[in-house]
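Colleague: If you scroll down you'll find the structure; I have some questions about it.
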Amino acid sequence: MSFEDTADPTTDTESLADSPAAGLDDTTTRRGTGRAVIAARGIDVRYGDTQALSDITMDIPEGMVTALIGPSGCGKSTFLRCINRMNDLIDTCHVDGELRLYDKNVYDDDVDPVALRRKVGMVFQKPNPFPKSIHDNVAYGLNIQGYDGDVDARVEESLRAAALWDEVKGQLDESGLALSGGQQQRLCIARAIAPDPDVVLMDEPASALDPVATSKIEDLIDDLAEEYTVVIVTHNMQQAARISDKTAVFLTGGELVEFGDTDAIFENPDSERVENYITGKFG
Ligand SMILES: Nc1ncnc2c1ncn2[C@@H]1O[C@H](COP(=O)(O)OP(=O)(O)OP(=O)(O)O)[C@@H](O)[C@H]1O
Ligand SMILES: [Mg+2]
């Protein structure tokens, strides 16, 4: 059974948004379906003998922005890479526990990591367009998957969704590397969403960008959450508070200390350690 075969057709976010059973109370959230798209259960990660994550259990809600925050080295990137099995590419890395995307454990033997990564796209800190044209960057995943629709139309749709179309529509055959840093990052976002993933992972996607480019990416994340589930790592607390619906606070030792509504975490955290971290007393 391939990974795609396991996808539940009822997980389409649009149809869920319309369905009466799906909604949380509209007054408490402007989006989201009330359903978990990712369910981590007892995730432990080691690099050789170094424990990077300890017993992480959390449900990431569909159609929302979830921010992962915490001091350097607490395992935020490691956790993101568990979700689309990028850690498989690191020889010393060993993952235990269960991580379900909808109802399927992504660590089951029958899951193809390449197919999984189309369902769970990723955007990195440093924009990393391929040395190819703008068009071919966005079409890359579509071509690999043997997309049978109109590739050019999907490229345009993805560039529009990444708020880049108007800036590049006359130069689709030019190299993606010739764009500015902020444009390159939006190109990478277009590439990640072209195969219509369930989830978009972002690891500090704006930290290498200037304030104007950062603000564009933040606006874009807000738009993306209309259609996708976004999980973003950020070191910028204000950014987490501005753009996310849920926040997970990881602390040293690879521990998930608190996870909940962003407003509650920032205004009234349960634990003193989290309060100390977000008020800058340590970290
Ligand atoms: N490829 C690797 N090989 C060995 N150890 C690693 C590797 N990647 C991460 N680690 C270790 O795992 C722990 C968690 O690292 P990770 O990169 O996930 O933290 P992070 O929270 O993303 O940090 P930062 O905020 O600095 O990006 C750290 O102790 C780190 O040294
Ligand atoms: Mg990191």
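Chain labels A, B, ... are given in the sequence in which chains occur in the structure tokens; within each chain residues are numbered consecutively from 1, and ligands are likewise numbered from 1 in the order shown.
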Check every protein, DNA and RNA residue against ligand 1, keep those with an atom at most 8 Å away (counting only C-alpha atoms and all ligand atoms), and present them as a list in words.

Modeller: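 The distance check yields Arg46, Tyr47, Gly48, Thr50, Gln51, Ala52, Leu53, Ile69, Gly70, Pro71, Ser72, Gly73, Cys74, Gly75, Lys76, Ser77, Thr78, Phe79, Ile90, Thr92, Cys93, Val233, Thr234, His235, Phe250 and Gly254 of chain A.
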
Colleague: Now that the selection is made, can you save its residues with C-alpha atoms as a compact mmCIF listing (two decimals), in the first residue's frame?

Modeller:
```txt
# COMPACT_ATOMS: atom_id res chain seq x y z
CA ARG A 46 18.77 10.29 19.41
CA TYR A 47 21.80 11.27 17.35
CA GLY A 48 24.17 8.49 18.32
CA THR A 50 22.81 12.25 22.27
CA GLN A 51 19.16 12.48 23.16
CA ALA A 52 17.62 15.30 21.12
CA LEU A 53 13.90 14.81 21.87
CA ILE A 69 9.66 27.91 19.97
CA GLY A 70 12.48 27.33 22.43
CA PRO A 71 16.18 27.93 22.96
CA SER A 72 18.84 26.81 20.52
CA GLY A 73 19.46 23.07 20.59
CA CYS A 74 16.15 22.11 22.20
CA GLY A 75 15.13 19.99 19.23
CA LYS A 76 12.75 22.17 17.21
CA SER A 77 14.32 21.37 13.84
CA THR A 78 14.68 17.74 14.82
CA PHE A 79 10.95 17.56 15.54
CA ILE A 90 21.06 11.62 8.89
CA THR A 92 23.27 8.68 13.28
CA CYS A 93 19.67 9.70 13.85
CA VAL A 233 9.91 27.11 13.89
CA THR A 234 10.84 30.64 14.89
CA HIS A 235 13.27 32.26 17.28
CA PHE A 250 10.41 23.12 23.77
CA GLY A 254 14.39 18.09 24.09
```

Colleague: Could you name the residues that touch Val155 (chain A) at 10 Å or less, counting only C-alpha atoms, but leaving out those on the same chain fewer than 6 positions away, as a ChimeraX atom specification?

Modeller: /A:134-140,142,161,165,172,190-191,193-195

Colleague: Residues of the last selection are to be written out with C-alpha atoms, as a PDB file, in the first residue's frame.

Modeller:
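For reference, again_21.pdb as written:
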```
ATOM      1  CA  ILE A 134      11.541  29.747 -11.882  1.00  0.00           C
ATOM      2  CA  HIS A 135       9.015  27.604 -13.739  1.00  0.00           C
ATOM      3  CA  ASP A 136      11.014  24.405 -13.317  1.00  0.00           C
ATOM      4  CA  ASN A 137      11.585  25.022  -9.619  1.00  0.00           C
ATOM      5  CA  VAL A 138       7.850  25.079  -9.022  1.00  0.00           C
ATOM      6  CA  ALA A 139       7.142  22.243 -11.471  1.00  0.00           C
ATOM      7  CA  TYR A 140       9.826  20.031  -9.902  1.00  0.00           C
ATOM      8  CA  LEU A 142       4.819  17.845 -10.080  1.00  0.00           C
ATOM      9  CA  ALA A 161      -0.549  31.453  -3.716  1.00  0.00           C
ATOM     10  CA  TRP A 165       3.332  35.669  -9.517  1.00  0.00           C
ATOM     11  CA  LEU A 172       9.445  32.276 -15.720  1.00  0.00           C
ATOM     12  CA  ALA A 190       5.581  27.903  -4.188  1.00  0.00           C
ATOM     13  CA  ARG A 191       7.667  24.774  -4.838  1.00  0.00           C
ATOM     14  CA  ILE A 193       2.841  23.893  -2.137  1.00  0.00           C
ATOM     15  CA  ALA A 194       2.701  22.941  -5.836  1.00  0.00           C
ATOM     16  CA  PRO A 195       2.074  19.239  -5.106  1.00  0.00           C
TER      17      PRO A 195
END
```

Colleague: Determine which residues of region 83-144 of chain A DSSP labels as strand (DSSP E or B) from the backbone of this structure, then write them out as a PyMOL selection string.

Modeller: chain A and resi 93-101+104-105+120-123+133

Colleague: Atoms to include: C-alpha atoms. Write the selected residues as a tab-separated table (two decimals), in the first residue's frame.

Modeller:
```tsv
chain	number	residue	atom	x	y	z
A	93	CYS	CA	19.67	9.70	13.85
A	94	HIS	CA	17.32	7.22	15.47
A	95	VAL	CA	13.60	7.91	15.94
A	96	ASP	CA	11.30	5.93	18.28
A	97	GLY	CA	7.60	6.42	18.81
A	98	GLU	CA	4.69	7.02	16.52
A	99	LEU	CA	3.97	9.96	14.30
A	100	ARG	CA	0.68	9.83	12.46
A	101	LEU	CA	-0.28	11.98	9.50
A	104	LYS	CA	-1.16	6.68	9.06
A	105	ASN	CA	2.04	6.25	11.05
A	120	VAL	CA	4.46	17.32	3.99
A	121	GLY	CA	6.39	20.06	2.21
A	122	MET	CA	9.31	21.87	3.83
A	123	VAL	CA	10.82	25.34	3.63
A	133	SER	CA	14.28	28.26	-14.04
```

Colleague: Quick one: residues within 9 Å of Ile278 (chain A), only C-alpha atoms counted, chain neighbours fewer than 5 positions away excluded, as a VMD selection string?

Modeller: chain A and resid 70 237 265 to 266 273 283

Colleague: So that I have them on file, write out the residues from the current selection with N, CA and C atoms, as a compact mmCIF listing (two decimals), in the first residue's frame.

Modeller:
```txt
# COMPACT_ATOMS: atom_id res chain seq x y z
N GLY A 70 11.61 27.86 21.39
CA GLY A 70 12.48 27.33 22.43
C GLY A 70 13.92 27.66 22.13
N MET A 237 9.94 35.65 19.13
CA MET A 237 8.71 35.48 19.93
C MET A 237 7.57 36.33 19.40
N ILE A 265 -0.38 30.91 25.96
CA ILE A 265 1.04 30.65 26.24
C ILE A 265 1.77 31.97 26.51
N PHE A 266 1.47 32.99 25.71
CA PHE A 266 2.21 34.24 25.87
C PHE A 266 1.68 35.10 27.01
N ARG A 273 8.94 27.81 34.03
CA ARG A 273 10.05 27.71 33.07
C ARG A 273 9.68 28.38 31.75
N GLY A 283 17.45 31.46 28.18
CA GLY A 283 17.25 30.89 26.85
C GLY A 283 18.08 31.55 25.81
```

Colleague: Counting only C-alpha atoms, what is within 9 Å of Ser244 (chain A), bar same-chain residues fewer than 6 positions away, as a PyMOL selection string?

Modeller: chain A and resi 64-67+222+230-232+261-262

Colleague: Write out as a PyMOL selection string each polymer residue whose atoms come within 12 Å of Val114 (chain A), counting only C-alpha atoms; drop sequence neighbours fewer than 2 positions from it.

Modeller: chain A and resi 2-4+84-86+88-89+106+110-112+116-121+141+144-145

Colleague: Restrict the selected residues to N, CA and C atoms and save them as a PDB file, in the first residue's frame.

Modeller:
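Below you can see part.pdb, which holds the result:
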```pdb
ATOM      1  N   SER A   2       0.630   2.125  -0.922  1.00  0.00           N
ATOM      2  CA  SER A   2       1.458   3.329  -0.956  1.00  0.00           C
ATOM      3  C   SER A   2       0.927   4.337   0.045  1.00  0.00           C
ATOM      4  N   PHE A   3       1.765   5.339   0.333  1.00  0.00           N
ATOM      5  CA  PHE A   3       1.326   6.347   1.288  1.00  0.00           C
ATOM      6  C   PHE A   3       0.076   7.056   0.796  1.00  0.00           C
ATOM      7  N   GLU A   4       0.076   7.385  -0.510  1.00  0.00           N
ATOM      8  CA  GLU A   4      -1.072   8.132  -1.025  1.00  0.00           C
ATOM      9  C   GLU A   4      -2.380   7.362  -0.923  1.00  0.00           C
ATOM     10  N   ASN A  84       8.364  14.824   8.318  1.00  0.00           N
ATOM     11  CA  ASN A  84       8.455  14.347   6.925  1.00  0.00           C
ATOM     12  C   ASN A  84       9.651  13.411   6.718  1.00  0.00           C
ATOM     13  N   ARG A  85      10.122  12.859   7.815  1.00  0.00           N
ATOM     14  CA  ARG A  85      11.207  11.860   7.789  1.00  0.00           C
ATOM     15  C   ARG A  85      12.480  12.363   7.130  1.00  0.00           C
ATOM     16  N   MET A  86      12.740  13.651   7.250  1.00  0.00           N
ATOM     17  CA  MET A  86      14.030  14.157   6.765  1.00  0.00           C
ATOM     18  C   MET A  86      15.168  13.630   7.628  1.00  0.00           C
ATOM     19  N   ASP A  88      15.650  10.734   8.354  1.00  0.00           N
ATOM     20  CA  ASP A  88      16.138   9.481   7.740  1.00  0.00           C
ATOM     21  C   ASP A  88      17.468   9.711   7.025  1.00  0.00           C
ATOM     22  N   LEU A  89      17.673  10.956   6.588  1.00  0.00           N
ATOM     23  CA  LEU A  89      18.860  11.255   5.780  1.00  0.00           C
ATOM     24  C   LEU A  89      20.106  11.443   6.650  1.00  0.00           C
ATOM     25  N   VAL A 106       3.723   7.551   9.886  1.00  0.00           N
ATOM     26  CA  VAL A 106       4.664   7.794   8.778  1.00  0.00           C
ATOM     27  C   VAL A 106       5.907   6.915   8.903  1.00  0.00           C
ATOM     28  N   ASP A 110       5.643   0.501   5.105  1.00  0.00           N
ATOM     29  CA  ASP A 110       5.125   0.662   3.740  1.00  0.00           C
ATOM     30  C   ASP A 110       5.027   2.128   3.309  1.00  0.00           C
ATOM     31  N   VAL A 111       5.542   3.047   4.119  1.00  0.00           N
ATOM     32  CA  VAL A 111       5.482   4.463   3.731  1.00  0.00           C
ATOM     33  C   VAL A 111       6.710   4.835   2.904  1.00  0.00           C
ATOM     34  N   ASP A 112       6.448   5.415   1.755  1.00  0.00           N
ATOM     35  CA  ASP A 112       7.525   5.888   0.879  1.00  0.00           C
ATOM     36  C   ASP A 112       7.862   7.326   1.301  1.00  0.00           C
ATOM     37  N   LEU A 116       5.718  10.822   1.021  1.00  0.00           N
ATOM     38  CA  LEU A 116       5.385  11.544   2.259  1.00  0.00           C
ATOM     39  C   LEU A 116       5.789  13.008   2.144  1.00  0.00           C
ATOM     40  N   ARG A 117       6.963  13.261   1.574  1.00  0.00           N
ATOM     41  CA  ARG A 117       7.460  14.651   1.514  1.00  0.00           C
ATOM     42  C   ARG A 117       6.665  15.507   0.532  1.00  0.00           C
ATOM     43  N   ARG A 118       5.913  14.880  -0.352  1.00  0.00           N
ATOM     44  CA  ARG A 118       4.986  15.700  -1.158  1.00  0.00           C
ATOM     45  C   ARG A 118       3.764  16.076  -0.333  1.00  0.00           C
ATOM     46  N   LYS A 119       3.403  15.212   0.606  1.00  0.00           N
ATOM     47  CA  LYS A 119       2.253  15.505   1.481  1.00  0.00           C
ATOM     48  C   LYS A 119       2.659  16.481   2.593  1.00  0.00           C
ATOM     49  N   VAL A 120       3.952  16.475   2.917  1.00  0.00           N
ATOM     50  CA  VAL A 120       4.464  17.320   3.995  1.00  0.00           C
ATOM     51  C   VAL A 120       5.655  18.097   3.429  1.00  0.00           C
ATOM     52  N   GLY A 121       5.346  19.262   2.849  1.00  0.00           N
ATOM     53  CA  GLY A 121       6.394  20.062   2.212  1.00  0.00           C
ATOM     54  C   GLY A 121       7.224  20.787   3.254  1.00  0.00           C
ATOM     55  N   GLY A 141       8.331  19.114  -8.214  1.00  0.00           N
ATOM     56  CA  GLY A 141       7.616  18.029  -7.526  1.00  0.00           C
ATOM     57  C   GLY A 141       6.505  17.449  -8.398  1.00  0.00           C
ATOM     58  N   ILE A 144       8.072  14.998 -10.818  1.00  0.00           N
ATOM     59  CA  ILE A 144       8.464  13.742 -10.165  1.00  0.00           C
ATOM     60  C   ILE A 144       7.242  12.867  -9.902  1.00  0.00           C
ATOM     61  N   GLN A 145       6.159  13.506  -9.519  1.00  0.00           N
ATOM     62  CA  GLN A 145       4.988  12.707  -9.170  1.00  0.00           C
ATOM     63  C   GLN A 145       4.192  12.296 -10.413  1.00  0.00           C
TER      64      GLN A 145
END
```

Colleague: If I take CA of Lys281 (chain A) and CA of Gly260 (chain A), how far is one from the other in Å, to one decimal?

Modeller: 21.0 Å

Colleague: Determine which residues of region 2-223 of chain A receive a DSSP assignment of helix (DSSP H, G or I), computed from the backbone, and state them as a ChimeraX atom specification.

Modeller: /A:4-6,9-11,13-18,76-83,86-89,113-119,134-145,151-161,165-168,176-178,181-193,211-223

Colleague: Between A:Ser207, A:Ser215, A:Ser175, A:Thr279, which is the closest to ligand 2 once you count only C-alpha atoms and all ligand atoms?

Modeller: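 That would be A:Ser207, the residue with the smallest distance to ligand 2.
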
Colleague: Check the smallest atom-to-atom distance from each of A:Gly253, A:Gly280, A:Pro205, A:Pro113 to ligand 2 using only C-alpha atoms and all ligand atoms, then report the winner.

Modeller: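 Nearest candidate to ligand 2 out of A:Gly253, A:Gly280, A:Pro205, A:Pro113: A:Pro205.
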
Colleague: Could you check the closest approach to Ala192 (chain A) for each of A:Asp223, A:Ser180, A:Leu159, A:Ala206 and tell me which residue wins, using only C-alpha atoms?

Modeller: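 Residue with the minimum atom-to-atom distance to Ala192 (chain A): A:Leu159.
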
Colleague: Check the smallest atom-to-atom distance from each of A:Gln125, A:Asn87, A:Ser54, A:Gln185 to ligand 2 using only C-alpha atoms and all ligand atoms, then report the winner.

Modeller: A:Gln125

Colleague: Skip Gly181 (chain A) itself and residues of its chain fewer than 6 positions away, then list as a list in words all residues within 10 Å of it, counting only C-alpha atoms.

Modeller: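 Listed by chain and then number, they are Lys126, Pro127, Asn128, Leu187, Ala206, Ala208, Leu209, Asp210 and Ala213 of chain A.
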
Colleague: Keeping N, CA and C atoms, export the residues of the selection given above as a CSV table (one decimal), in the first residue's frame.

Modeller:
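Ended up saving to again.csv:
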```csv
chain,number,residue,atom,x,y,z
A,126,LYS,N,17.4,29.0,5.0
A,126,LYS,CA,18.1,29.7,3.9
A,126,LYS,C,17.4,29.3,2.6
A,127,PRO,N,16.9,30.3,1.8
A,127,PRO,CA,16.2,29.9,0.6
A,127,PRO,C,17.1,29.0,-0.3
A,128,ASN,N,16.6,27.9,-0.8
A,128,ASN,CA,17.4,27.0,-1.5
A,128,ASN,C,16.8,26.6,-2.9
A,187,LEU,N,9.6,31.6,-3.7
A,187,LEU,CA,9.7,30.6,-4.7
A,187,LEU,C,9.8,29.2,-4.1
A,206,ALA,N,12.0,33.1,7.8
A,206,ALA,CA,12.2,34.5,7.6
A,206,ALA,C,13.5,35.0,8.3
A,208,ALA,N,16.6,34.8,7.7
A,208,ALA,CA,17.7,35.4,6.9
A,208,ALA,C,17.2,36.6,6.1
A,209,LEU,N,16.0,37.1,6.3
A,209,LEU,CA,15.4,38.1,5.4
A,209,LEU,C,15.3,39.5,6.1
A,210,ASP,N,15.3,40.5,5.3
A,210,ASP,CA,15.1,41.9,5.9
A,210,ASP,C,13.6,42.0,6.4
A,213,ALA,N,10.8,41.9,3.6
A,213,ALA,CA,10.6,40.5,3.1
A,213,ALA,C,10.0,39.6,4.2
```

Colleague: Mind pulling up the distance from CA of Lys246 (chain A) to CA of Asp263 (chain A)?

Modeller: 8.1 Å

Colleague: Using only C-alpha atoms, find the one residue out of A:Arg242, A:Leu201, A:Asn236, A:Gly182 that sits nearest to Lys216 (chain A).

Modeller: A:Gly182

Colleague: Give the answer as one residue: which of A:Leu80, A:Val168, A:Glu218, A:Val45 has the shortest atom-to-atom distance to Gln238 (chain A), using only C-alpha atoms?

Modeller: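 With only C-alpha atoms as the atom set, the closest residue is A:Glu218.
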